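Remarks on the structure that follows.
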Amino acid sequence: MLLTIRSLTKTFPGTKALDGVRFDLRAGEVHALLGENGAGKSTLIKCLTGAYRPDAGEIRLDGQPIAPRSTSEAQELGIGTVYQEVNLLPNLTVAQNLCFGREPRRFGMVSSREMKRMAQDMLSGYGIDVDVSRDLGTYSVAIQQIVAIARAVALSGKVLILDEPTASLDAREVEMLFDVVRGLRDRGLGIVFVTHFLDQVFALSDRITVLRNGCHIVTEDTAALDRVRLIEHMLGRALEDEVEHRAVDHGVAGPVKPEMLAFDAMSRRGVVEPFDLRIAKGEVVGLAGLLGSGRTESAELLFGIRGTTTGTARDEVGPVRIDSPRAAIAAGFGFAPEDRKTDGIVADLSIRENIALALQARRGWARPVSRTEQARLAETYIKRLDIRTSDAEKAVGELSGGNQQKVVLARWLAMNPRFLILDEPTRGIDVGAHAEILRLIHELTAEGMSLLVISSELDELIAVSDRVIVVRDRAHVAELTGADVTTETVVRAIADHGREEVA
Amino acid sequence: MNPRLYPLYATIGIFLFACLVCYIQFPFMASTRVLGNLLTDNAYLGIVAVGMTIVILSGGIDLSVGSVIAFSGVFIAVMLRDSGLPAPVIMALLLVVTTLFGAAMGGLIHALAMPPFIVTLAGMFLARGAAYMLTIDSVPIVDPFYDRLQDAYYLMPGKGRLTLIGVLMLASVAVGMIVAHRTRFGASVFALGGGVQTARLMGVRVGRTTVGIYAFSGFMAGLSGIVFSVYTGSGYPLATVGTELTAIAAVVIGGTLLTGGSGFVFGTLIGVMTMGLIQTYIVFDGSLSSWWTKIVIGGLLLLFIVLQKGLLRLTTTRLASPQAGAPV
């Protein structure tokens with residue numbers, strides 16, 4: 001055993017983040033560490049990397065007990081970490097990033113030629129071709145991630161922890177990263193892999209450990225686990241709920257819902273080709289397509305974030321002005337963006353303030369939403385959406401990803417919009433919150449709200465949508481309804497280049 | 001060509017262009033006399049701007065330096081008049097004081113997690129106030145050592161005087177270049193400018209580096225104060241008001257990103273020279289008001305800010321395109 005953890009316990013005021021957790025890592029394996037948000041994954045990792053000190057328990061590396069007190073100490077012991085957000089400096093060169101802290105020196109001065117050679121050596125065997133004297137920031141996130149891995153491996157070399165390394169990569173980049181990880185595994189490193197993407201777990205890992213509520217639930221060979229059982233372990237309950245949803249909608253066409261919004265020939269030159277979109281009351285329209293196909297851009301046109309070159313919008317009454325987000329909000333639209341950390345939440349404001357934000361914006365500064373009303377709103381939505389927090393005054397930045405997403409949703413729900421756009425509503429969210437958000441989508445449509453949902457996870461998109469529009473190469477290329485909405489048809493429409501049926 | 005060097009090239013290009021304009025208008029300006037004066041007149045500014053470059057590279061700002069220069073002059077003049085200590089001792093003492101002053105500001109910035117703007121603003125008032133405490137008058141410096149410093153120069157071919165303080169400025173730039181680009185401390189400075197959190201994770205000792213940065217700036221401000229006192233031969237508490245802003249302008253015109261993390265000490269020298277050249281041009285012209293210097297500097301600053309923004313946008317759009325950094 002390369003790394004053994006026994007009865008590790010860490011308590012925070014009010015919660016027991018880790019409760020007697022055990023974990024083993026062999027040399028030459030990829031070990032997936034799974035669990036919902038709040039299960040204790042990140043606490044465990046922080047104990048390993050020295051960010052936290054465990055209250056009790058034992059960590060042994062190569063049989064020797066260790067107690068790292070800082071990231072650098074953990075690195076010296078042989079434990080390196082790569083995080084979801086690349087923790088390197090984009091303003092330094094690739095070489096500087098790789099060699100940071102151990103720059104080769106001659107006569108007390110850093111020798112850039114030596115450093116360049118050292119960096120090239122470190123990157124050899126990773127199958128990427130980069131000019132190490134360029135700024136790291138000029139390369140794609142995937143390359144940056146691989147550089148981060150190279151640095152972590154060179155610095156530590158025994159245990160590599162990958163904390164959601166694929167969250168902002170597309171499929172091709174993920175494959176590239178996996179090749180690198182497999183290469184490292186074959187070189188005998190022990191790799192801990194944390195992710196929310198179950199596909200990736202099955203594609204890459206040799207063994208799986210599941211944590212729940214700070215406790216160790218199960219450790220098993222990946223080959224011996226199937227997806228349903230894995231999710232059951234993670235949630236601690238059977239999955240009937242979720243499966244049920246899938247069976248519901250399609251097959252029979254329900255009663256025709258009255259049309260509420262009509263967008264005609266919406267386009268922006270060089271961004272999205274003209275498209276028409278009709279949305280009925282209480283309808284969920286799914287937008288499927290590959291990353292960069294124009295999904296998000298379409299949504300941004302509808303919400304006035306990007307100006308349109310052509311296009312009009314109207315509702316039952318008459319034309320609707322949506323040339324800016326302000327106008328769109330006034331028209332009763334809402335938009336929960338893909339990148340909630342930068343575009344969705346105001347991390348330093350409290351949950352209450354975040355929820356009241358859009359409502360206040362619509363009212364204007366002259367008519368403040370009173371403190372009691374804000375508190376009431378916050379209370380209502382914390383309860384309704386099951387936002388897990390100690391109280392409404394907590395800064396949103398301190399919440400987990402799933403709960404942040406719920407706050408963003410709450411903000412829009414507080415305004416009672418008629419048309420809500422959800423861009424990747426379940427990205428980076430654990431399975432439990434995932435199911436809750438899907439359930440919420442159903443609830444909202446039942447109340448008559450119309451939704452446009454964008455998601456990379458086809459199963460999920462198909463489960464919630466009445467209708468799926470497929471976007472490819474910046475154009476809306478297909479519309480699937482009723483029984484046609486299946487994974488197969490959607491995938492075919494995304495992949496299909498010959499047949500052009502414009503929606 | 002490496003895009004990280006674009007701002008430096010732009011700086012050098014503008015400087016060469018300015019030289020050309022000056023030469024065409026006044027061919028006499030291409031002499032070692034003008035060069036010598038340019039170096040001498042801007043020596044104090046160049047030195048303090050080197051310290052400012054390091055501070056700005058780290059993402060900070062040091063507003064105290066102008067006051068520290070004034071304090072230095074007054075401190076030296078009053079000490080020479082009253083204490084009877086030899087001038088070199090007083091200078092060494094002064095450098096210790098200003099370095100500690102800078103270090104203390106750095107320590108506060110780190111310990112209280114305060115914005116450098118506020119802490120150094122307080123430092124600015126403090127140093128200016130301390131200068132007034134010492135004297136409210138302009139105190140002339142009468143000292144044989146000073147006379148020797150003032151008369152120390154190397155006569156370049158063409159009768160230009162390369163003064164000691166001019167050389168000191170060039171030496172400061174060289175030291176600054178080595179510190180910023182060739183040491184681990186310098187790498188830490190750039191790292192802080194790129195992001196404090198990330199820098200910490202990469203193993204930068206944030207506190208130590210922050211203290212070091214402001215101590216360095218304090219030292220440079222003290223040195224600049226000495227040079228200024230040599231240059232003017234007196235100490236006056238109202239001197240060099242606003243010099244910190246001129247230094248910041250020189251740094252930005254020199255191609256350093258005001259938000260930190262990217263730039264060159266050598267560019268700062270070019271920035272100082274460009275600003276000096278404009279001044280010289282106006283002197284040569286004779287009919288222009290010297291306020292035109294400020295106007296041109298304002299224009300240049302604006303140009304550089306726009307340029308940097310444009311470069312930033314260029315790199316981000318390229319990042320967004322999927323082909324960037326594709327594997328082979």
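Here, A, B, ... name the chains of the structure tokens in the order displayed, residue numbers run from 1 inside each chain, and ligands are numbered from 1 in the same displayed order.
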
Strand (DSSP E or B) call set, DSSP backbone run, region 206-332 of chain A, as a ChimeraX atom specification:
/A:207-212,215-221,259-268,272-280,284-288,310-315,319

Step one, run DSSP on the backbone; step two, keep only residues of region 76-232 of chain B assigned to helix (DSSP H, G or I); then write them as number ranges by chain.
B: 76-82, 87-111, 116-134, 144-151, 164-182, 184-194, 196-201, 206-232

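One distance worth recording is that between CA of Val167 (chain B) and CA of Ala249 (chain B), which is 22.2 Å.
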
Which neighbours of region 260-276 of chain A fall inside 10 Å, counting only C-alpha atoms, when residues of the same chain fewer than 4 positions from it are skipped, and could you give them as an NGL selection string?
:A and (280-283 or 293-298 or 301-302 or 306-320 or 418-419 or 450 or 471-477 or 502-503)

Could you list the residues in chain A lying within 8 Å of chain B, using only C-alpha atoms, and format the result as a PyMOL selection string?
chain A and resi 71-72+87-92+96+100-101+103+108-111+127-130+134-135+137-140+143

Selected residues written out with N, CA, C and O atoms, as a tab-separated table (two decimals), in the first residue's frame:
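The result, stored in out.tsv:
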```
chain	number	residue	atom	x	y	z
A	71	THR	N	0.89	22.84	2.17
A	71	THR	CA	0.94	22.27	0.83
A	71	THR	C	2.36	21.91	0.45
A	71	THR	O	2.62	20.85	-0.12
A	72	SER	N	3.29	22.81	0.79
A	72	SER	CA	4.67	22.55	0.37
A	72	SER	C	5.24	21.35	1.13
A	72	SER	O	6.00	20.57	0.57
A	87	ASN	N	-4.14	26.00	-10.77
A	87	ASN	CA	-3.47	26.83	-9.79
A	87	ASN	C	-2.04	27.12	-10.20
A	87	ASN	O	-1.09	26.82	-9.49
A	88	LEU	N	-1.92	27.66	-11.38
A	88	LEU	CA	-0.62	28.13	-11.85
A	88	LEU	C	-0.81	29.58	-12.24
A	88	LEU	O	-1.92	30.09	-12.25
A	89	LEU	N	0.27	30.22	-12.59
A	89	LEU	CA	0.19	31.65	-12.87
A	89	LEU	C	0.23	31.92	-14.37
A	89	LEU	O	1.23	31.67	-15.02
A	90	PRO	N	-0.88	32.42	-14.90
A	90	PRO	CA	-0.95	32.63	-16.36
A	90	PRO	C	0.03	33.69	-16.84
A	90	PRO	O	0.37	33.72	-18.02
A	91	ASN	N	0.48	34.57	-15.93
A	91	ASN	CA	1.35	35.66	-16.38
A	91	ASN	C	2.82	35.27	-16.37
A	91	ASN	O	3.67	36.06	-16.78
A	92	LEU	N	3.13	34.06	-15.91
A	92	LEU	CA	4.51	33.59	-16.00
A	92	LEU	C	4.62	32.63	-17.18
A	92	LEU	O	3.63	32.10	-17.65
A	96	GLN	N	8.71	29.01	-16.19
A	96	GLN	CA	8.72	29.58	-14.84
A	96	GLN	C	7.74	28.86	-13.93
A	96	GLN	O	8.02	28.60	-12.76
A	100	PHE	N	9.00	26.85	-10.73
A	100	PHE	CA	8.85	27.82	-9.66
A	100	PHE	C	9.31	27.26	-8.31
A	100	PHE	O	8.91	26.18	-7.90
A	101	GLY	N	10.16	28.02	-7.65
A	101	GLY	CA	10.63	27.59	-6.34
A	101	GLY	C	11.89	26.73	-6.41
A	101	GLY	O	12.56	26.54	-5.41
A	103	GLU	N	14.12	27.10	-9.26
A	103	GLU	CA	14.78	27.59	-10.46
A	103	GLU	C	16.27	27.26	-10.40
A	103	GLU	O	16.91	27.46	-9.38
A	108	GLY	N	24.07	32.65	-8.26
A	108	GLY	CA	22.99	33.28	-7.52
A	108	GLY	C	21.87	33.82	-8.38
A	108	GLY	O	20.87	34.29	-7.88
A	109	MET	N	22.04	33.77	-9.69
A	109	MET	CA	20.98	34.29	-10.55
A	109	MET	C	20.30	33.15	-11.28
A	109	MET	O	20.93	32.15	-11.62
A	110	VAL	N	19.01	33.35	-11.54
A	110	VAL	CA	18.27	32.32	-12.24
A	110	VAL	C	18.78	32.23	-13.68
A	110	VAL	O	18.87	33.24	-14.38
A	111	SER	N	19.10	31.05	-14.09
A	111	SER	CA	19.57	30.87	-15.47
A	111	SER	C	18.39	30.45	-16.33
A	111	SER	O	17.85	29.36	-16.18
A	127	GLY	N	3.34	14.16	-24.20
A	127	GLY	CA	2.68	14.23	-25.50
A	127	GLY	C	2.11	15.57	-25.86
A	127	GLY	O	1.15	15.66	-26.61
A	128	ILE	N	2.63	16.65	-25.28
A	128	ILE	CA	2.17	17.96	-25.72
A	128	ILE	C	3.36	18.75	-26.23
A	128	ILE	O	4.50	18.54	-25.79
A	129	ASP	N	3.08	19.61	-27.16
A	129	ASP	CA	4.15	20.39	-27.75
A	129	ASP	C	3.91	21.85	-27.43
A	129	ASP	O	3.05	22.49	-28.01
A	130	VAL	N	4.65	22.37	-26.46
A	130	VAL	CA	4.46	23.78	-26.11
A	130	VAL	C	5.81	24.47	-26.07
A	130	VAL	O	6.84	23.84	-25.82
A	134	ARG	N	6.85	30.73	-23.52
A	134	ARG	CA	5.64	31.57	-23.66
A	134	ARG	C	4.87	31.62	-22.36
A	134	ARG	O	4.97	30.73	-21.53
A	135	ASP	N	4.04	32.65	-22.25
A	135	ASP	CA	3.20	32.76	-21.06
A	135	ASP	C	2.24	31.57	-21.01
A	135	ASP	O	1.66	31.19	-22.02
A	137	GLY	N	-0.63	31.55	-19.84
A	137	GLY	CA	-1.98	32.01	-20.15
A	137	GLY	C	-2.34	31.98	-21.62
A	137	GLY	O	-3.50	32.07	-21.97
A	138	THR	N	-1.34	31.83	-22.49
A	138	THR	CA	-1.66	31.80	-23.92
A	138	THR	C	-2.08	30.41	-24.36
A	138	THR	O	-2.45	30.22	-25.51
A	139	TYR	N	-2.01	29.43	-23.45
A	139	TYR	CA	-2.41	28.07	-23.83
A	139	TYR	C	-3.79	27.73	-23.30
A	139	TYR	O	-4.29	28.37	-22.37
A	140	SER	N	-4.39	26.70	-23.88
A	140	SER	CA	-5.74	26.31	-23.48
A	140	SER	C	-5.72	25.72	-22.07
A	140	SER	O	-4.68	25.33	-21.55
A	143	ILE	N	-4.10	22.27	-21.71
A	143	ILE	CA	-2.63	22.31	-21.68
A	143	ILE	C	-2.18	22.79	-20.31
A	143	ILE	O	-1.26	22.22	-19.70
```

Could you pull the residues within 10 Å of Gly36 (chain B), counting only C-alpha atoms, minus those fewer than 5 positions along the same chain, as a count of residues only?
13

Pick the closest to Thr489 (chain A) from A:Tyr126, A:Ser456, A:Leu3, A:Ala288: which is it, counting only C-alpha atoms?
A:Ala288

Residue nearest Ala463 (chain A) - candidates A:Arg352, A:Arg22, A:Arg117, A:His442, atoms counted: only C-alpha atoms
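Under the stated criterion, the closest residue is A:His442.
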
List as a PyMOL selection string the protein and nucleic acid residues near Thr268 (chain B), meaning an atom at most 7 Å away when only C-alpha atoms are counted, but skip any in the same chain fewer than 3 places from it.
chain B and resi 49-50+250-251+254+264-265+271-272
